[in-house]
file final-v9.cif (mmCIF, C-alpha atoms and all ligand atoms)
data_final
#
loop_
_atom_site.label_atom_id
_atom_site.label_comp_id
_atom_site.auth_asym_id
_atom_site.auth_seq_id
_atom_site.Cartn_x
_atom_site.Cartn_y
_atom_site.Cartn_z
CA MET T 144 -15.46 5.66 5.42
CA SER T 145 -14.99 5.42 9.17
CA THR T 146 -14.63 8.84 10.74
CA LYS T 147 -12.38 7.51 13.48
CA LYS T 148 -9.56 6.37 11.23
CA GLU T 149 -7.20 8.61 9.28
CA ALA T 150 -7.53 7.74 5.58
CA LEU T 151 -4.34 6.70 3.80
CA VAL T 152 -3.21 7.64 0.31
CA VAL T 153 -0.11 5.61 -0.48
CA ALA T 154 2.17 6.36 -3.42
CA ASN T 155 3.97 3.38 -4.90
CA PHE T 156 6.44 5.06 -7.24
CA LYS T 157 7.83 1.69 -8.35
CA MET T 158 11.14 1.77 -10.31
CA ASN T 159 10.83 5.38 -11.46
CA PHE T 160 12.81 8.62 -11.06
CA ASN T 161 15.73 7.10 -12.96
CA MET T 162 17.33 10.48 -13.60
CA ARG T 163 18.06 13.18 -11.04
CA TYR T 164 16.12 15.80 -13.02
CA GLU T 165 12.98 13.61 -12.98
CA LEU T 166 13.07 13.55 -9.21
CA GLN T 167 13.65 17.31 -8.97
CA HIS T 168 10.77 17.86 -11.36
CA TRP T 169 8.44 15.73 -9.24
CA PHE T 170 9.45 17.54 -6.04
CA ALA T 171 8.89 20.97 -7.60
CA ASN T 172 5.47 20.01 -8.98
CA PHE T 173 4.41 18.27 -5.78
CA ILE T 174 5.30 21.28 -3.65
CA LYS T 175 3.31 23.46 -6.07
CA ALA T 176 0.33 21.10 -6.09
CA LYS T 177 0.28 20.76 -2.31
CA LYS T 178 0.64 24.50 -1.58
CA GLY T 179 -2.32 25.86 0.38
CA ILE T 180 -3.99 22.47 0.57
CA ARG T 181 -4.84 21.20 4.02
CA LEU T 182 -5.64 17.58 4.55
CA ASP T 183 -7.59 17.15 7.78
CA SER T 184 -8.02 13.43 8.07
CA THR T 185 -5.88 11.96 5.35
CA ARG T 186 -2.27 10.85 5.51
CA LEU T 187 -0.03 10.63 2.45
CA ILE T 188 2.53 7.84 2.53
CA LEU T 189 5.24 8.20 -0.11
CA CYS T 190 7.13 5.02 -1.02
CA PRO T 191 10.02 5.86 -3.36
CA PRO T 192 12.79 3.50 -4.51
CA PHE T 193 15.23 2.89 -1.60
CA ILE T 194 17.90 5.08 -3.17
CA HIS T 195 15.60 8.13 -2.99
CA LEU T 196 14.14 7.65 0.48
CA SER T 197 16.50 10.11 2.19
CA SER T 198 15.95 12.77 -0.52
CA PHE T 199 12.18 12.53 -0.03
CA ILE T 200 12.48 12.84 3.73
CA LYS T 201 14.77 15.87 3.42
CA LYS T 202 12.75 17.60 0.72
CA ILE T 203 9.17 17.07 1.91
CA ARG T 204 8.20 18.06 5.40
CA SER T 205 4.61 17.95 6.53
CA LYS T 206 2.77 16.47 9.49
CA GLN T 207 0.37 14.79 7.09
CA ILE T 208 3.08 13.04 5.07
CA SER T 209 5.02 9.91 6.01
CA PHE T 210 7.44 7.74 4.10
CA GLY T 211 7.89 4.10 3.38
CA ALA T 212 9.69 1.55 1.23
CA GLN T 213 8.41 -0.72 -1.53
CA ASP T 214 9.98 -3.86 -0.07
CA CYS T 215 12.37 -5.09 2.61
CA PHE T 216 14.39 -8.19 3.46
CA TRP T 217 13.34 -10.54 6.28
CA GLU T 218 16.58 -10.27 8.26
CA GLN T 219 17.65 -7.13 10.12
CA LYS T 220 21.41 -7.14 9.48
CA GLY T 221 24.32 -9.10 8.12
CA ALA T 222 25.76 -10.86 5.08
CA PHE T 223 22.86 -10.47 2.66
CA THR T 224 24.38 -8.73 -0.34
CA GLY T 225 22.10 -6.27 -2.02
CA GLU T 226 19.32 -6.47 0.54
CA ILE T 227 17.75 -3.66 2.60
CA SER T 228 16.61 -4.47 6.12
CA PRO T 229 13.50 -3.21 7.90
CA THR T 230 15.78 -1.75 10.58
CA MET T 231 17.61 0.31 7.93
CA ILE T 232 14.31 1.65 6.58
CA ARG T 233 13.08 2.52 10.07
CA SER T 234 16.27 4.16 11.25
CA PHE T 235 16.56 6.23 8.06
CA GLY T 236 13.07 7.67 8.49
CA GLY T 237 10.63 5.20 6.91
CA LYS T 238 7.55 4.18 8.85
CA TYR T 239 5.83 1.88 6.38
CA VAL T 240 6.75 -0.86 3.96
CA ILE T 241 4.77 -2.42 1.12
CA ALA T 242 4.74 -6.22 1.39
CA GLY T 243 3.48 -8.82 -1.04
CA HIS T 244 3.04 -6.59 -4.07
CA SER T 245 1.99 -8.70 -7.05
CA GLU T 246 4.96 -7.47 -9.09
CA ARG T 247 7.31 -8.97 -6.48
CA ARG T 248 5.32 -12.17 -6.43
CA ARG T 249 5.56 -12.28 -10.22
CA TYR T 250 9.12 -11.16 -10.95
CA LYS T 251 10.91 -12.17 -7.74
CA GLY T 252 9.00 -15.36 -6.96
CA GLU T 253 7.80 -14.16 -3.56
CA THR T 254 5.49 -16.63 -1.89
CA ASN T 255 3.06 -16.10 0.97
CA LYS T 256 5.68 -17.66 3.27
CA ILE T 257 8.39 -15.19 2.20
CA ILE T 258 5.90 -12.33 2.54
CA ASN T 259 5.06 -13.55 6.03
CA TYR T 260 8.78 -13.44 7.00
CA LYS T 261 8.95 -9.88 5.68
CA VAL T 262 5.79 -8.79 7.49
CA THR T 263 7.08 -10.25 10.75
CA ALA T 264 10.53 -8.67 10.33
CA ALA T 265 8.98 -5.29 9.44
CA LEU T 266 6.80 -5.34 12.57
CA LYS T 267 9.81 -6.27 14.67
CA ALA T 268 11.69 -3.22 13.36
CA GLY T 269 8.75 -0.91 14.12
CA LEU T 270 7.49 -0.53 10.54
CA GLN T 271 3.84 -0.76 9.53
CA PRO T 272 3.46 -3.25 6.67
CA ILE T 273 1.06 -2.45 3.85
CA LEU T 274 0.13 -5.99 2.85
CA CYS T 275 -1.16 -6.41 -0.71
CA ILE T 276 -3.58 -9.23 -1.39
CA GLY T 277 -5.84 -9.89 -4.35
CA GLU T 278 -6.74 -12.29 -7.11
CA ASN T 279 -5.28 -12.38 -10.62
CA ALA T 280 -7.26 -12.49 -13.89
CA ARG T 281 -7.36 -16.30 -14.08
CA GLU T 282 -8.47 -16.60 -10.46
CA LYS T 283 -11.16 -13.98 -11.04
CA LYS T 284 -12.41 -15.88 -14.07
CA HIS T 285 -12.75 -19.00 -11.93
CA ASP T 286 -14.52 -17.18 -9.10
CA MET T 287 -11.65 -17.76 -6.70
CA LEU T 288 -11.78 -14.45 -4.81
CA PHE T 289 -12.78 -16.09 -1.54
CA SER T 290 -10.17 -18.87 -1.58
CA VAL T 291 -7.30 -16.68 -2.85
CA ILE T 292 -7.84 -13.89 -0.33
CA THR T 293 -8.38 -16.30 2.53
CA LYS T 294 -5.16 -18.18 1.75
CA GLN T 295 -3.09 -15.01 1.27
CA PHE T 296 -4.52 -13.47 4.45
CA LYS T 297 -3.87 -16.53 6.61
CA GLU T 298 -0.42 -17.36 5.24
CA CYS T 299 0.97 -13.81 5.01
CA LEU T 300 -0.26 -12.97 8.51
CA TYR T 301 0.68 -16.30 10.04
CA ASP T 302 1.82 -15.78 13.63
CA VAL T 303 0.94 -12.08 13.64
CA GLY T 304 -0.71 -11.86 17.03
CA ARG T 305 -3.55 -9.79 18.36
CA SER T 306 -1.22 -7.17 19.78
CA ARG T 307 0.32 -6.46 16.34
CA ILE T 308 -2.57 -6.77 13.91
CA LYS T 309 -3.57 -3.11 14.36
CA ASP T 310 -0.21 -2.13 12.84
CA ILE T 311 -1.02 -3.89 9.58
CA ILE T 312 -2.64 -2.10 6.66
CA ILE T 313 -4.32 -4.45 4.22
CA CYS T 314 -4.52 -3.42 0.59
CA TYR T 315 -7.05 -5.20 -1.58
CA GLU T 316 -5.36 -4.99 -4.96
CA PRO T 317 -6.84 -7.18 -7.69
CA VAL T 318 -3.87 -7.97 -9.90
CA TRP T 319 -5.95 -7.66 -13.08
CA ALA T 320 -6.78 -4.05 -12.21
CA ILE T 321 -3.19 -2.81 -11.80
CA SER T 322 -2.18 -0.16 -14.34
CA ALA T 323 -4.98 -1.45 -16.55
CA ASN T 324 -5.96 1.80 -18.27
CA LYS T 325 -9.19 0.25 -19.49
CA PRO T 326 -12.60 1.02 -17.98
CA ASP T 327 -13.67 -2.63 -17.83
CA HIS T 328 -10.51 -3.47 -15.91
CA LEU T 329 -11.66 -1.69 -12.81
CA PRO T 330 -13.65 -3.56 -10.18
CA THR T 331 -17.08 -2.18 -9.39
CA THR T 332 -17.85 -0.59 -6.04
CA ASP T 333 -19.78 -3.74 -5.13
CA GLU T 334 -16.85 -6.01 -5.99
CA ILE T 335 -14.53 -3.94 -3.80
CA MET T 336 -17.07 -3.99 -0.97
CA GLU T 337 -17.32 -7.75 -1.28
CA ALA T 338 -13.54 -8.10 -0.91
CA LYS T 339 -13.56 -5.69 2.02
CA LEU T 340 -16.30 -7.62 3.80
CA LEU T 341 -14.38 -10.84 3.31
CA ILE T 342 -11.21 -9.28 4.77
CA LYS T 343 -13.26 -7.89 7.70
CA LYS T 344 -14.75 -11.32 8.30
CA LEU T 345 -11.31 -12.91 8.33
CA LEU T 346 -10.06 -10.26 10.75
CA ILE T 347 -12.95 -10.90 13.11
CA GLN T 348 -12.52 -14.65 12.79
CA GLU T 349 -8.77 -14.62 13.47
CA TYR T 350 -8.64 -11.68 15.88
CA GLU T 351 -11.33 -10.31 18.10
CA GLY T 352 -13.79 -7.70 16.86
CA PRO T 353 -12.53 -4.59 18.69
CA VAL T 354 -8.90 -5.25 17.71
CA SER T 355 -9.75 -5.84 14.07
CA GLU T 356 -11.65 -2.52 13.97
CA HIS T 357 -8.29 -0.72 14.00
CA VAL T 358 -6.98 -2.39 10.85
CA ARG T 359 -7.20 -0.18 7.80
CA ILE T 360 -8.30 -1.75 4.55
CA ILE T 361 -7.42 0.19 1.42
CA TYR T 362 -7.89 -0.36 -2.31
CA GLY T 363 -5.22 -0.43 -5.04
CA GLY T 364 -5.39 -0.74 -8.85
CA SER T 365 -5.63 2.03 -11.47
CA VAL T 366 -6.79 4.70 -9.05
CA VAL T 367 -7.13 8.20 -10.53
CA SER T 368 -9.01 11.28 -9.32
CA LYS T 369 -11.95 10.46 -11.60
CA ASN T 370 -12.62 7.02 -10.09
CA VAL T 371 -11.50 7.49 -6.49
CA SER T 372 -15.05 8.13 -5.21
CA GLU T 373 -16.20 4.85 -6.72
CA VAL T 374 -13.29 2.65 -5.64
CA CYS T 375 -12.64 4.19 -2.23
CA ILE T 376 -15.34 6.40 -0.76
CA ASP T 377 -18.44 4.57 -2.03
CA ALA T 378 -16.85 1.20 -1.28
CA GLY T 379 -16.14 2.23 2.34
CA MET T 380 -12.38 1.78 2.02
CA ASP T 381 -9.91 3.50 4.34
CA GLY T 382 -7.76 4.82 1.53
CA VAL T 383 -5.94 3.88 -1.66
CA LEU T 384 -2.63 2.62 -3.01
CA VAL T 385 -1.67 4.59 -6.11
CA GLY T 386 0.89 3.51 -8.70
CA GLY T 387 0.87 5.29 -12.06
CA ALA T 388 -1.04 8.38 -10.91
CA SER T 389 1.44 9.03 -8.09
CA LEU T 390 3.97 10.09 -10.73
CA LEU T 391 1.71 13.05 -11.54
CA PRO T 392 1.82 15.29 -8.46
CA HIS T 393 -1.33 17.32 -9.26
CA GLU T 394 -3.33 14.18 -9.89
CA PHE T 395 -2.00 12.51 -6.75
CA VAL T 396 -2.89 15.52 -4.59
CA LYS T 397 -6.34 15.65 -6.22
CA ILE T 398 -6.93 12.01 -5.23
CA ALA T 399 -6.01 12.85 -1.63
CA GLN T 400 -8.23 15.95 -1.61
CA THR T 401 -11.21 13.96 -2.88
CA ILE T 402 -10.78 11.38 -0.15
CA ASP T 403 -10.29 14.05 2.52
CA LEU T 404 -13.57 15.86 1.75
C1 LIG V 1 0.26 -0.73 -7.81
O1 LIG V 1 0.92 -1.39 -8.61
O2 LIG V 1 0.42 -0.86 -6.59
C2 LIG V 1 -0.73 0.20 -8.34
C3 LIG V 1 -1.67 0.61 -7.54
O3 LIG V 1 -0.54 0.59 -9.64
P1 LIG V 1 -1.55 1.43 -10.56
O4 LIG V 1 -2.16 2.53 -9.73
O5 LIG V 1 -0.68 1.95 -11.66
O6 LIG V 1 -2.57 0.47 -11.02
#
call {"tool": "encode", "arguments": {"input": "final-v9.cif", "output": "structure tokens"}}
result
Amino acid sequence: MSTKKEALVVANFKMNFNMRYELQHWFANFIKAKKGIRLDSTRLILCPPFIHLSSFIKKIRSKQISFGAQDCFWEQKGAFTGEISPTMIRSFGGKYVIAGHSERRRYKGETNKIINYKVTAALKAGLQPILCIGENAREKKHDMLFSVITKQFKECLYDVGRSRIKDIIICYEPVWAISANKPDHLPTTDEIMEAKLLIKKLLIQEYEGPVSEHVRIIYGGSVVSKNVSEVCIDAGMDGVLVGGASLLPHEFVKIAQTIDL
């Protein structure tokens, strides 16, 4: 992992903490798990459901922890019933937003074009997008890693200029590895490195070398403390996106500690 860049450990809590007591329980256990633990070069980014963003910001205060949202709309304000704008997220304390998660592509029909509108709107509002790209099981079977990632990269980042690319975090998240809970559903270190090299190549091709050096590339998909060395450290990634394991505060902190070593 590059020593110059702060590593990122992003929690995607998804649609959890349905009941107030579940949230209180998570806060209490997280505070306990985090007590006495110093992270020197790792930032935690907590992305709760919109409705809990303010509670997280009020409850958890640490220089090493930032907050984000799991999605945003592509307009900043107006008659868009039910939507949340990037400006709202930013002005209520969020600094990051996940864009292009495969679950939104799957259940909400988000296309690369829609994701591109969201990325652009997020940047405009001063948020750092965490852009998820990666192949699904069928595409993997047909050896389509190169074409899928190239298309997603180019279309989702369309019109994102050289001056803004450093604000993007790219998450390589193979869809087939999300919440898989099976050992053979985890990419090998080499497979993750291959995806990283491809993303690096695209960055250098589309933007100049020195600018692209600032872009952090993280890994997402079934990360737990037991495999984080393999999928992050050994693969030279700049951090991880954590779904299921982020609901377990001790496990989540352990992942961050391992990366920070
Ligand atoms: C995710 O969906 O972004 C994710 C990383 O989930 P999990 O860790 O549960 O695979």
call {"tool": "closest_residue", "arguments": {"input": "final-v9.cif", "among": "T:Asp381, T:Asp403, T:Asp327, T:Glu298", "to": "Cys314 in chain T", "atoms": "only C-alpha atoms"}}
result
T:Asp381
call {"tool": "residues_near_ligand", "arguments": {"input": "final-v9.cif", "ligand": "ligand LIG 1 (chain V)", "cutoff": "6 Å", "atoms": "all atoms listed in the file", "output": "list in words"}}
result
Asn155, Ile321, Ser322, Gly363, Gly364, Ser365, Val366, Leu384, Val385, Gly386 and Gly387 of chain T
call {"tool": "residues_around", "arguments": {"input": "final-v9.cif", "residues": "Phe289 in chain T", "least_positions_apart": "6", "cutoff": "10 Å", "atoms": "only C-alpha atoms", "output": "PyMOL selection string"}}
result
chain T and resi 277-278+282-283+337-338+341-342
call {"tool": "atom_distance", "arguments": {"input": "final-v9.cif", "atom1": "CA of Gly304 in chain T", "atom2": "CA of Val152 in chain T"}}
result
25.8 Å
call {"tool": "closest_residue", "arguments": {"input": "final-v9.cif", "among": "T:Arg307, T:Asn255, T:Val374, T:Lys343", "to": "Lys294 in chain T", "atoms": "only C-alpha atoms"}}
result
T:Asn255
call {"tool": "residues_around", "arguments": {"input": "final-v9.cif", "residues": "Ile241 in chain T", "least_positions_apart": "4", "cutoff": "7 Å", "atoms": "all atoms listed in the file", "output": "number ranges by chain"}}
result
T: 212-214, 272-274
call {"tool": "residues_around", "arguments": {"input": "final-v9.cif", "residues": "range 356-358 of chain T", "least_positions_apart": "3", "cutoff": "12 Å", "atoms": "only C-alpha atoms", "output": "mmCIF file with C-alpha atoms, in the coordinates of the input"}}
result
data_model
loop_
_atom_site.group_PDB
_atom_site.id
_atom_site.type_symbol
_atom_site.label_atom_id
_atom_site.label_comp_id
_atom_site.auth_asym_id
_atom_site.auth_seq_id
_atom_site.Cartn_x
_atom_site.Cartn_y
_atom_site.Cartn_z
ATOM 1 C CA SER T 145 -14.990 5.420 9.170
ATOM 2 C CA THR T 146 -14.630 8.840 10.740
ATOM 3 C CA LYS T 147 -12.380 7.510 13.480
ATOM 4 C CA LYS T 148 -9.560 6.370 11.230
ATOM 5 C CA GLU T 149 -7.200 8.610 9.280
ATOM 6 C CA ALA T 150 -7.530 7.740 5.580
ATOM 7 C CA LEU T 151 -4.340 6.700 3.800
ATOM 8 C CA GLN T 271 3.840 -0.760 9.530
ATOM 9 C CA PRO T 272 3.460 -3.250 6.670
ATOM 10 C CA ILE T 273 1.060 -2.450 3.850
ATOM 11 C CA LEU T 274 0.130 -5.990 2.850
ATOM 12 C CA ARG T 305 -3.550 -9.790 18.360
ATOM 13 C CA SER T 306 -1.220 -7.170 19.780
ATOM 14 C CA ARG T 307 0.320 -6.460 16.340
ATOM 15 C CA ILE T 308 -2.570 -6.770 13.910
ATOM 16 C CA LYS T 309 -3.570 -3.110 14.360
ATOM 17 C CA ASP T 310 -0.210 -2.130 12.840
ATOM 18 C CA ILE T 311 -1.020 -3.890 9.580
ATOM 19 C CA ILE T 312 -2.640 -2.100 6.660
ATOM 20 C CA ILE T 313 -4.320 -4.450 4.220
ATOM 21 C CA CYS T 314 -4.520 -3.420 0.590
ATOM 22 C CA LYS T 339 -13.560 -5.690 2.020
ATOM 23 C CA ILE T 342 -11.210 -9.280 4.770
ATOM 24 C CA LYS T 343 -13.260 -7.890 7.700
ATOM 25 C CA LYS T 344 -14.750 -11.320 8.300
ATOM 26 C CA LEU T 345 -11.310 -12.910 8.330
ATOM 27 C CA LEU T 346 -10.060 -10.260 10.750
ATOM 28 C CA ILE T 347 -12.950 -10.900 13.110
ATOM 29 C CA TYR T 350 -8.640 -11.680 15.880
ATOM 30 C CA GLU T 351 -11.330 -10.310 18.100
ATOM 31 C CA GLY T 352 -13.790 -7.700 16.860
ATOM 32 C CA PRO T 353 -12.530 -4.590 18.690
ATOM 33 C CA ILE T 361 -7.420 0.190 1.420
ATOM 34 C CA MET T 380 -12.380 1.780 2.020
ATOM 35 C CA ASP T 381 -9.910 3.500 4.340
ATOM 36 C CA GLY T 382 -7.760 4.820 1.530
#
call {"tool": "atom_distance", "arguments": {"input": "final-v9.cif", "atom1": "CA of Ser228 in chain T", "atom2": "CA of Arg249 in chain T"}}
result
21.2 Å
call {"tool": "atom_distance", "arguments": {"input": "final-v9.cif", "atom1": "CA of Glu394 in chain T", "atom2": "CA of Trp169 in chain T"}}
result
11.9 Å
call {"tool": "closest_residue", "arguments": {"input": "final-v9.cif", "among": "T:Ile257, T:Ala222, T:Met336, T:Ile376", "to": "Cys299 in chain T", "atoms": "all atoms listed in the file"}}
result
T:Ile257
call {"tool": "closest_residue", "arguments": {"input": "final-v9.cif", "among": "T:Ala280, T:Glu334, T:Ile203, T:Tyr250", "to": "Asn172 in chain T", "atoms": "only C-alpha atoms"}}
result
T:Ile203
